[in-house]
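Visitor: Got a file for you: input_15.cif, mmCIF, C-alpha atoms.
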```cif
data_target
#
loop_
_atom_site.label_atom_id
_atom_site.label_comp_id
_atom_site.auth_asym_id
_atom_site.auth_seq_id
_atom_site.Cartn_x
_atom_site.Cartn_y
_atom_site.Cartn_z
CA MET A 1 71.71 85.05 93.70
CA ASP A 2 69.81 82.06 95.08
CA LEU A 3 71.96 79.41 96.77
CA HIS A 4 70.21 76.20 95.76
CA THR A 5 72.41 73.90 97.83
CA ILE A 6 71.48 75.55 101.16
CA THR A 7 69.04 73.41 103.14
CA ASP A 8 68.99 75.33 106.43
CA VAL A 9 69.80 78.67 108.05
CA ARG A 10 70.51 78.52 111.77
CA ASP A 11 70.81 81.13 114.52
CA ALA A 12 74.40 81.41 115.81
CA ARG A 13 73.06 81.85 119.35
CA LEU A 14 72.09 78.15 119.36
CA ARG A 15 75.79 77.20 119.33
CA GLU A 16 75.14 74.00 117.42
CA PRO A 17 78.07 71.73 116.47
CA TRP A 18 79.91 72.74 113.34
CA ARG A 19 79.72 70.35 110.42
CA ALA A 20 81.02 70.06 106.87
CA GLY A 21 79.17 72.40 104.52
CA ASP A 22 78.58 75.11 107.16
CA ALA A 23 79.45 78.78 106.67
CA TRP A 24 79.11 81.87 108.83
CA LEU A 25 76.61 84.40 107.49
CA GLY A 26 77.33 88.05 108.27
CA GLY A 27 76.06 90.53 105.70
CA GLY A 28 76.01 87.95 102.93
CA THR A 29 77.05 90.34 100.18
CA TYR A 30 79.81 87.98 99.07
CA LEU A 31 78.07 84.68 99.84
CA PHE A 32 75.09 85.58 97.69
CA SER A 33 77.14 87.09 94.87
CA GLU A 34 78.20 83.80 93.29
CA PRO A 35 77.45 80.06 93.51
CA GLN A 36 78.55 78.29 96.69
CA PRO A 37 78.05 74.61 95.75
CA GLN A 38 80.10 73.37 98.71
CA LEU A 39 77.71 74.87 101.29
CA ARG A 40 74.67 73.23 102.89
CA ARG A 41 73.93 75.36 105.96
CA LEU A 42 74.39 79.01 106.96
CA ILE A 43 74.98 80.09 110.56
CA ASP A 44 73.49 83.57 110.96
CA LEU A 45 75.49 85.99 113.10
CA SER A 46 73.07 88.92 112.85
CA ARG A 47 71.26 88.27 116.15
CA LEU A 48 74.32 87.97 118.37
CA GLY A 49 73.98 91.62 119.34
CA TRP A 50 77.65 92.53 119.21
CA GLU A 51 78.34 96.23 119.74
CA PRO A 52 79.62 97.44 116.35
CA LEU A 53 82.34 99.77 117.69
CA THR A 54 83.76 100.04 121.20
CA ARG A 55 86.38 102.55 122.35
CA HIS A 56 88.19 101.08 125.37
CA ALA A 57 89.76 102.91 128.30
CA ASP A 58 93.27 102.40 126.89
CA GLY A 59 92.24 104.25 123.72
CA SER A 60 92.01 101.16 121.53
CA LEU A 61 89.06 100.63 119.20
CA GLU A 62 87.35 97.24 118.91
CA ILE A 63 85.43 96.69 115.69
CA ALA A 64 82.98 93.80 115.76
CA ALA A 65 83.10 91.45 112.79
CA THR A 66 79.41 92.23 112.21
CA CYS A 67 79.99 96.01 112.04
CA THR A 68 78.75 97.22 108.66
CA ILE A 69 80.64 99.53 106.35
CA ALA A 70 77.92 102.16 106.84
CA GLN A 71 78.35 102.02 110.63
CA LEU A 72 82.12 102.30 110.33
CA SER A 73 81.83 105.23 107.95
CA ARG A 74 79.49 107.14 110.27
CA PHE A 75 81.77 106.49 113.21
CA GLY A 76 84.86 107.69 111.38
CA ARG A 77 83.14 110.86 110.19
CA GLY A 78 81.30 111.71 113.39
CA SER A 79 82.32 109.99 116.61
CA LEU A 80 86.02 109.26 116.27
CA ARG A 81 88.19 112.10 117.54
CA ALA A 82 91.63 111.03 116.42
CA PRO A 83 94.17 112.05 113.74
CA ALA A 84 93.61 108.75 111.91
CA ALA A 85 89.84 109.30 111.61
CA PRO A 86 89.89 110.42 107.91
CA LEU A 87 91.45 107.09 106.96
CA PHE A 88 88.23 105.27 107.90
CA GLU A 89 86.15 107.11 105.31
CA GLN A 90 88.90 106.87 102.68
CA CYS A 91 88.95 103.08 103.03
CA CYS A 92 85.16 102.83 103.09
CA ARG A 93 85.05 104.81 99.85
CA ALA A 94 87.53 102.38 98.31
CA PHE A 95 84.68 99.84 98.15
CA LEU A 96 83.07 101.74 95.27
CA ALA A 97 79.84 100.02 96.30
CA SER A 98 76.21 101.12 96.48
CA PHE A 99 74.54 102.26 99.70
CA LYS A 100 72.70 98.92 99.76
CA ILE A 101 76.03 97.07 99.96
CA TRP A 102 77.36 99.53 102.57
CA ASN A 103 74.38 98.77 104.81
CA MET A 104 74.84 95.00 104.60
CA ALA A 105 78.54 94.28 104.01
CA THR A 106 80.55 93.76 107.21
CA VAL A 107 84.11 94.48 108.25
CA GLY A 108 84.57 90.83 109.23
CA GLY A 109 83.25 89.58 105.92
CA ASN A 110 85.72 91.74 104.02
CA LEU A 111 88.61 90.40 106.07
CA CYS A 112 87.49 86.79 105.87
CA ASN A 113 87.14 86.94 102.09
CA GLY A 114 90.84 87.74 102.00
CA LEU A 115 90.63 89.45 98.62
CA PRO A 116 93.68 91.61 97.79
CA ALA A 117 91.49 94.66 97.10
CA GLY A 118 89.60 94.36 100.41
CA PRO A 119 89.79 97.89 101.87
CA MET A 120 88.99 96.77 105.41
CA ILE A 121 92.11 94.63 105.20
CA SER A 122 94.00 97.76 104.13
CA LEU A 123 92.58 99.86 106.96
CA THR A 124 93.07 97.40 109.80
CA ALA A 125 96.48 96.16 108.66
CA ALA A 126 97.77 99.73 108.29
CA LEU A 127 96.60 100.59 111.83
CA ASP A 128 98.33 97.51 113.25
CA GLY A 129 95.06 95.72 114.02
CA SER A 130 94.72 92.34 115.70
CA CYS A 131 92.02 89.76 114.96
CA LEU A 132 90.28 87.93 117.79
CA LEU A 133 89.45 84.42 116.60
CA GLN A 134 87.11 82.05 118.45
CA ALA A 135 87.23 78.28 117.98
CA GLN A 136 84.33 75.87 118.30
CA ASP A 137 85.53 74.74 121.74
CA GLY A 138 85.33 78.31 123.04
CA SER A 139 89.07 78.99 123.04
CA ALA A 140 90.33 82.25 121.56
CA ARG A 141 93.52 83.46 119.94
CA GLU A 142 94.81 86.70 118.47
CA VAL A 143 96.64 87.23 115.21
CA LYS A 144 97.75 90.41 113.50
CA VAL A 145 95.67 91.39 110.48
CA ALA A 146 98.84 91.49 108.40
CA ASP A 147 99.35 87.80 109.25
CA PHE A 148 95.68 86.79 109.16
CA VAL A 149 95.45 87.17 105.38
CA ARG A 150 98.04 84.80 103.95
CA GLY A 151 97.32 85.12 100.25
CA ALA A 152 94.58 85.84 97.74
CA GLY A 153 91.53 84.33 99.45
CA VAL A 154 93.70 82.46 101.96
CA LYS A 155 93.15 83.16 105.67
CA ASP A 156 94.45 81.90 108.99
CA LEU A 157 91.13 80.31 109.93
CA ALA A 158 90.53 76.75 111.06
CA ALA A 159 87.29 74.91 110.27
CA GLY A 160 84.47 76.48 112.25
CA GLU A 161 86.68 79.24 113.63
CA LEU A 162 85.02 82.64 113.86
CA LEU A 163 86.41 86.15 113.52
CA ARG A 164 84.89 87.91 116.54
CA SER A 165 86.44 91.37 116.21
CA VAL A 166 89.42 93.46 115.16
CA THR A 167 91.12 95.75 117.66
CA LEU A 168 93.12 98.82 116.64
CA PRO A 169 95.58 100.09 119.27
CA GLY A 170 95.00 103.58 120.57
CA ARG A 171 98.49 104.67 119.60
CA ALA A 172 97.81 103.81 115.95
CA LEU A 173 94.71 106.02 115.98
CA GLU A 174 96.89 108.96 117.02
CA CYS A 175 99.10 108.60 113.96
CA ARG A 176 99.13 110.96 111.03
CA THR A 177 98.06 109.04 107.94
CA ALA A 178 98.45 109.23 104.17
CA PHE A 179 96.29 107.33 101.70
CA ARG A 180 96.90 106.50 98.04
CA GLN A 181 94.83 104.33 95.70
CA ALA A 182 95.20 103.48 92.02
CA SER A 183 92.95 101.65 89.59
CA LEU A 184 93.03 100.94 85.87
CA TYR A 185 89.62 102.57 85.60
CA GLY A 186 88.02 105.69 87.01
CA LEU A 187 85.57 103.60 89.02
CA GLY A 188 87.42 100.32 89.11
CA ARG A 189 88.62 97.90 91.74
CA SER A 190 91.79 98.94 93.55
CA GLY A 191 94.90 97.83 91.71
CA ALA A 192 97.16 99.27 94.41
CA LEU A 193 96.32 100.77 97.79
CA VAL A 194 99.06 102.14 100.04
CA ILE A 195 98.68 103.66 103.50
CA GLY A 196 101.34 105.39 105.56
CA THR A 197 101.19 106.10 109.30
CA LEU A 198 103.56 108.40 111.20
CA ASP A 199 103.78 107.94 114.97
CA PRO A 200 103.82 111.38 116.66
CA VAL A 201 105.54 109.98 119.77
CA ASP A 202 108.66 108.30 118.43
CA GLY A 203 108.62 109.39 114.77
CA SER A 204 108.40 105.85 113.43
CA LEU A 205 106.86 105.31 110.02
CA ALA A 206 104.81 102.35 108.76
CA VAL A 207 103.93 101.82 105.10
CA THR A 208 101.32 99.19 104.24
CA VAL A 209 100.95 97.89 100.69
CA THR A 210 97.72 96.14 99.71
CA ALA A 211 95.61 95.44 96.60
CA ALA A 212 98.78 95.33 94.48
CA THR A 213 99.91 92.28 96.46
CA THR A 214 98.30 88.93 97.21
CA ARG A 215 98.41 89.71 100.93
CA PRO A 216 99.03 92.81 103.05
CA PHE A 217 102.65 93.86 103.56
CA ARG A 218 103.35 96.25 106.43
CA PHE A 219 106.80 97.84 106.61
CA TRP A 220 107.79 99.51 109.88
CA PHE A 221 110.78 101.82 110.26
CA PRO A 222 111.95 103.24 113.61
CA LEU A 223 112.80 106.46 111.76
CA PRO A 224 111.47 107.59 108.36
CA PRO A 225 113.54 105.85 105.67
CA THR A 226 115.06 107.29 102.57
CA ALA A 227 113.32 106.61 99.27
CA ALA A 228 115.99 104.06 98.40
CA ARG A 229 115.62 102.20 101.70
CA LEU A 230 111.84 102.03 101.38
CA ARG A 231 112.05 100.75 97.83
CA ALA A 232 114.63 98.14 98.84
CA ALA A 233 112.47 96.98 101.75
CA VAL A 234 109.46 96.46 99.48
CA ASP A 235 111.41 94.71 96.75
CA SER A 236 113.16 92.39 99.21
CA ALA A 237 109.94 91.40 100.97
CA VAL A 238 107.53 91.00 98.05
CA SER A 239 108.47 88.18 95.70
CA GLY A 240 107.51 88.23 92.05
CA SER A 241 104.58 85.87 92.54
CA GLU A 242 103.20 88.01 95.37
CA TRP A 243 102.42 90.91 93.05
CA PHE A 244 98.81 90.12 92.22
CA ASP A 245 97.81 89.22 88.67
CA ASP A 246 94.25 89.52 87.39
CA ILE A 247 92.10 91.48 84.97
CA HIS A 248 92.44 94.59 87.14
CA GLY A 249 96.20 94.86 86.66
CA LEU A 250 99.34 93.01 85.61
CA PRO A 251 102.00 92.29 88.26
CA GLU A 252 104.49 94.65 86.59
CA TRP A 253 102.03 97.54 86.71
CA ARG A 254 101.01 96.73 90.29
CA ARG A 255 104.65 96.70 91.40
CA HIS A 256 105.26 100.03 89.68
CA MET A 257 102.21 101.61 91.30
CA GLY A 258 102.89 100.04 94.69
CA LEU A 259 106.40 101.50 94.76
CA ARG A 260 105.26 104.85 93.41
CA LEU A 261 102.43 105.24 95.93
CA ALA A 262 104.66 104.08 98.78
CA GLU A 263 107.09 106.86 97.95
CA GLU A 264 104.26 109.38 97.75
CA VAL A 265 103.02 108.56 101.25
CA ARG A 266 106.59 108.60 102.58
CA ARG A 267 107.10 112.09 101.18
CA GLU A 268 103.75 113.35 102.42
CA LEU A 269 104.37 112.19 105.97
CA THR A 270 108.03 113.11 106.27
CA HIS A 271 108.10 116.26 104.13
CA THR A 272 111.18 115.11 102.28
CA PHE A 273 111.35 115.60 98.54
CA GLU A 274 114.48 114.03 97.09
CA ARG A 275 115.11 114.77 93.45
CA GLY A 276 115.28 112.26 90.69
CA GLU A 277 113.57 109.38 92.51
CA LEU A 278 110.58 107.51 91.10
#
```
Output the file's structure in the form of structure tokens.
Guide:
Amino acid sequence: MDLHTITDVRDARLREPWRAGDAWLGGGTYLFSEPQPQLRRLIDLSRLGWEPLTRHADGSLEIAATCTIAQLSRFGRGSLRAPAAPLFEQCCRAFLASFKIWNMATVGGNLCNGLPAGPMISLTAALDGSCLLQAQDGSAREVKVADFVRGAGVKDLAAGELLRSVTLPGRALECRTAFRQASLYGLGRSGALVIGTLDPVDGSLAVTVTAATTRPFRFWFPLPPTAARLRAAVDSAVSGSEWFDDIHGLPEWRRHMGLRLAEEVRRELTHTFERGEL
């Protein structure tokens, strides 16, 4: 789609002052998908030369905001030697997008859109990721992915602030994972996406609910919970209005599927099969 209100596209390396009507341009797959009448200038990040994926000495993985879905997929399938590696491809496949989108869409763009069905939000929140945010004055701050997305399309970003990267701790990459996704249609947008991670060191279990909710909810238990405790934790944390409501699923259905998939990942990772639950 042509953006008729855009009067200029600038190189981010110029570090020009931010002004009203500016927007960061990564892959542009969202920006150019619908009208953006409030925008006047795009700041292009493509020439900053950020390394897409960096494995640090402590085992953590830093994913640049400009890393494309195709790059992340290849890394998860080929270069990443960790128990959580299959989760990368599972979340990439949750896009249900063409190869053209995969080669342009970025991890940072998916997070900054803040859409409930954003699978990069699901992946990075489930693996306890932290966002590195850079302000216009050069200062930086970190915020957990689970706290970065505050609601449907609502992010913890100030005017002109930039998502530089997301870092996944090495310990999270060593976790066993379980992935569940549900949609109203065979090839439809995620109506519920639940990921479980089991820490092999201390036996703790984390269950992250996304797509069904307006923002990511990550539940951490020092020991694997019972089905009843997990269900109670979800129901006490997610209010009625936080179960997302749109054409891809009613809140009642999303709650049902969120709870059902959460129990499935709990059972898969803990090998407990209580009778008569869900």
Visitor: Applied to this file, what does the PyMOL selection byres ((chain A and resi 105-111) around 7) return in terms of residues, put as a compact mmCIF listing (two decimals) with C-alpha atoms, in the coordinates of the input?
Guide:
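Output (result22.txt):
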```txt
# COMPACT_ATOMS: atom_id res chain seq x y z
CA GLY A 26 77.33 88.05 108.27
CA GLY A 27 76.06 90.53 105.70
CA GLY A 28 76.01 87.95 102.93
CA THR A 29 77.05 90.34 100.18
CA ALA A 65 83.10 91.45 112.79
CA THR A 66 79.41 92.23 112.21
CA CYS A 67 79.99 96.01 112.04
CA THR A 68 78.75 97.22 108.66
CA ILE A 69 80.64 99.53 106.35
CA ILE A 101 76.03 97.07 99.96
CA TRP A 102 77.36 99.53 102.57
CA ASN A 103 74.38 98.77 104.81
CA MET A 104 74.84 95.00 104.60
CA CYS A 112 87.49 86.79 105.87
CA ASN A 113 87.14 86.94 102.09
CA GLY A 114 90.84 87.74 102.00
CA GLY A 118 89.60 94.36 100.41
CA MET A 120 88.99 96.77 105.41
CA ILE A 121 92.11 94.63 105.20
CA LEU A 163 86.41 86.15 113.52
```
Visitor: Between A:Cys131, A:Leu3, A:Ala228, A:Ala206, which residue has the minimum interatomic distance to Leu31 (chain A), considering all atoms listed in the file?
Guide: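 Looking at the shortest contact to Leu31 (chain A), the residue is A:Leu3.
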Visitor: Please tabulate, as JSON lines, the residues of region 56-147 of chain A that come within 7 Å of region 169-178 of chain A, each with its closest pair of atoms and the distance in Å to one decimal, counting only C-alpha atoms and ordering rows by chain, then residue number upward.
Guide:
```
{"residue": "A:Asp58", "atom": "CA", "partner": "A:Gly170", "partner_atom": "CA", "distance": 6.7}
{"residue": "A:Gly59", "atom": "CA", "partner": "A:Gly170", "partner_atom": "CA", "distance": 4.2}
{"residue": "A:Ser60", "atom": "CA", "partner": "A:Gly170", "partner_atom": "CA", "distance": 4.0}
{"residue": "A:Leu61", "atom": "CA", "partner": "A:Pro169", "partner_atom": "CA", "distance": 6.5}
{"residue": "A:Ala82", "atom": "CA", "partner": "A:Glu174", "partner_atom": "CA", "distance": 5.7}
{"residue": "A:Pro83", "atom": "CA", "partner": "A:Glu174", "partner_atom": "CA", "distance": 5.3}
{"residue": "A:Ala84", "atom": "CA", "partner": "A:Leu173", "partner_atom": "CA", "distance": 5.0}
{"residue": "A:Leu87", "atom": "CA", "partner": "A:Thr177", "partner_atom": "CA", "distance": 7.0}
{"residue": "A:Leu127", "atom": "CA", "partner": "A:Ala172", "partner_atom": "CA", "distance": 5.4}
{"residue": "A:Asp128", "atom": "CA", "partner": "A:Ala172", "partner_atom": "CA", "distance": 6.9}
{"residue": "A:Gly129", "atom": "CA", "partner": "A:Pro169", "partner_atom": "CA", "distance": 6.9}
```
Visitor: Pick out the closest residue to Ala12 (chain A) from this set: A:Leu39, A:Ala126, A:Leu48, A:Leu205. Count only C-alpha atoms.
Guide: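 Checking each candidate against Ala12 (chain A), we get A:Leu48 as the closest.
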Visitor: From the set A:Arg189, A:Ser204, A:Leu123, A:Glu268, which residue has the shortest atom-to-atom contact distance to Ala97 (chain A), counting all atoms listed in the file?
Guide: A:Arg189
Visitor: What separation in Å, quoted to one decimal, exists between CA of Asp156 (chain A) and CA of Gly21 (chain A)?
Guide: 18.5 Å
Visitor: Please indicate the distance in Å from CA of Ala227 (chain A) to CA of Phe179 (chain A), rounded to one decimal place.
Guide: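 The value is 17.2 Å.
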Visitor: To one decimal place, how far is CA of Leu184 (chain A) from CA of Thr208 (chain A) in Å?
Guide: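 Going from CA of Leu184 (chain A) over to CA of Thr208 (chain A) covers 20.2 Å.
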Visitor: Apply the PyMOL selection byres ((chain A and resi 14) around 12) to the structure shown and report the selected residues as a list of chain:residue names.
Guide: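 On the file shown, the PyMOL selection byres ((chain A and resi 14) around 12) covers A:Val9, A:Arg10, A:Asp11, A:Ala12, A:Arg13, A:Arg15, A:Glu16, A:Pro17, A:Trp18, A:Ile43, A:Asp44, A:Leu45, A:Arg47, A:Leu48.
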Visitor: Using all atoms listed in the file, can you list as a PyMOL selection string the residues within 6 Å of (80.3, 80.9, 111.7)?
Guide: chain A and resi 23-24+43+162
Visitor: Can you translate the PyMOL selection byres ((chain A and resi 40) around 9) into the concrete residues it hits in this file, as a ChimeraX atom specification?
Guide: /A:4-9,20-23,36-39,41-42
Visitor: Is it possible to add N, CA and C atoms to region 25-36 of chain A and hand it back as a PDB file, keeping the file's coordinate frame?
Guide:
```pdb
ATOM      1  N   LEU A  25      77.318  83.400 108.285  1.00  0.00           N
ATOM      2  CA  LEU A  25      76.610  84.400 107.490  1.00  0.00           C
ATOM      3  C   LEU A  25      76.609  85.725 108.240  1.00  0.00           C
ATOM      4  N   GLY A  26      77.326  86.715 107.690  1.00  0.00           N
ATOM      5  CA  GLY A  26      77.330  88.050 108.270  1.00  0.00           C
ATOM      6  C   GLY A  26      76.364  88.922 107.484  1.00  0.00           C
ATOM      7  N   GLY A  27      76.918  89.736 106.569  1.00  0.00           N
ATOM      8  CA  GLY A  27      76.060  90.530 105.700  1.00  0.00           C
ATOM      9  C   GLY A  27      75.580  89.755 104.486  1.00  0.00           C
ATOM     10  N   GLY A  28      76.393  88.795 104.059  1.00  0.00           N
ATOM     11  CA  GLY A  28      76.010  87.950 102.930  1.00  0.00           C
ATOM     12  C   GLY A  28      76.263  88.531 101.565  1.00  0.00           C
ATOM     13  N   THR A  29      76.875  89.713 101.489  1.00  0.00           N
ATOM     14  CA  THR A  29      77.050  90.340 100.180  1.00  0.00           C
ATOM     15  C   THR A  29      77.997  89.550  99.290  1.00  0.00           C
ATOM     16  N   TYR A  30      78.956  88.843  99.886  1.00  0.00           N
ATOM     17  CA  TYR A  30      79.810  87.980  99.070  1.00  0.00           C
ATOM     18  C   TYR A  30      79.162  86.612  98.869  1.00  0.00           C
ATOM     19  N   LEU A  31      78.644  86.024  99.940  1.00  0.00           N
ATOM     20  CA  LEU A  31      78.070  84.680  99.840  1.00  0.00           C
ATOM     21  C   LEU A  31      77.019  84.589  98.742  1.00  0.00           C
ATOM     22  N   PHE A  32      76.181  85.616  98.648  1.00  0.00           N
ATOM     23  CA  PHE A  32      75.090  85.580  97.690  1.00  0.00           C
ATOM     24  C   PHE A  32      75.451  86.208  96.349  1.00  0.00           C
ATOM     25  N   SER A  33      76.725  86.473  96.129  1.00  0.00           N
ATOM     26  CA  SER A  33      77.140  87.090  94.870  1.00  0.00           C
ATOM     27  C   SER A  33      77.555  86.073  93.818  1.00  0.00           C
ATOM     28  N   GLU A  34      77.776  84.836  94.230  1.00  0.00           N
ATOM     29  CA  GLU A  34      78.200  83.800  93.290  1.00  0.00           C
ATOM     30  C   GLU A  34      77.837  82.436  93.849  1.00  0.00           C
ATOM     31  N   PRO A  35      77.820  81.402  93.021  1.00  0.00           N
ATOM     32  CA  PRO A  35      77.450  80.060  93.510  1.00  0.00           C
ATOM     33  C   PRO A  35      78.382  79.591  94.624  1.00  0.00           C
ATOM     34  N   GLN A  36      77.789  78.866  95.584  1.00  0.00           N
ATOM     35  CA  GLN A  36      78.550  78.290  96.690  1.00  0.00           C
ATOM     36  C   GLN A  36      78.182  76.804  96.795  1.00  0.00           C
TER      37      GLN A  36
END
```
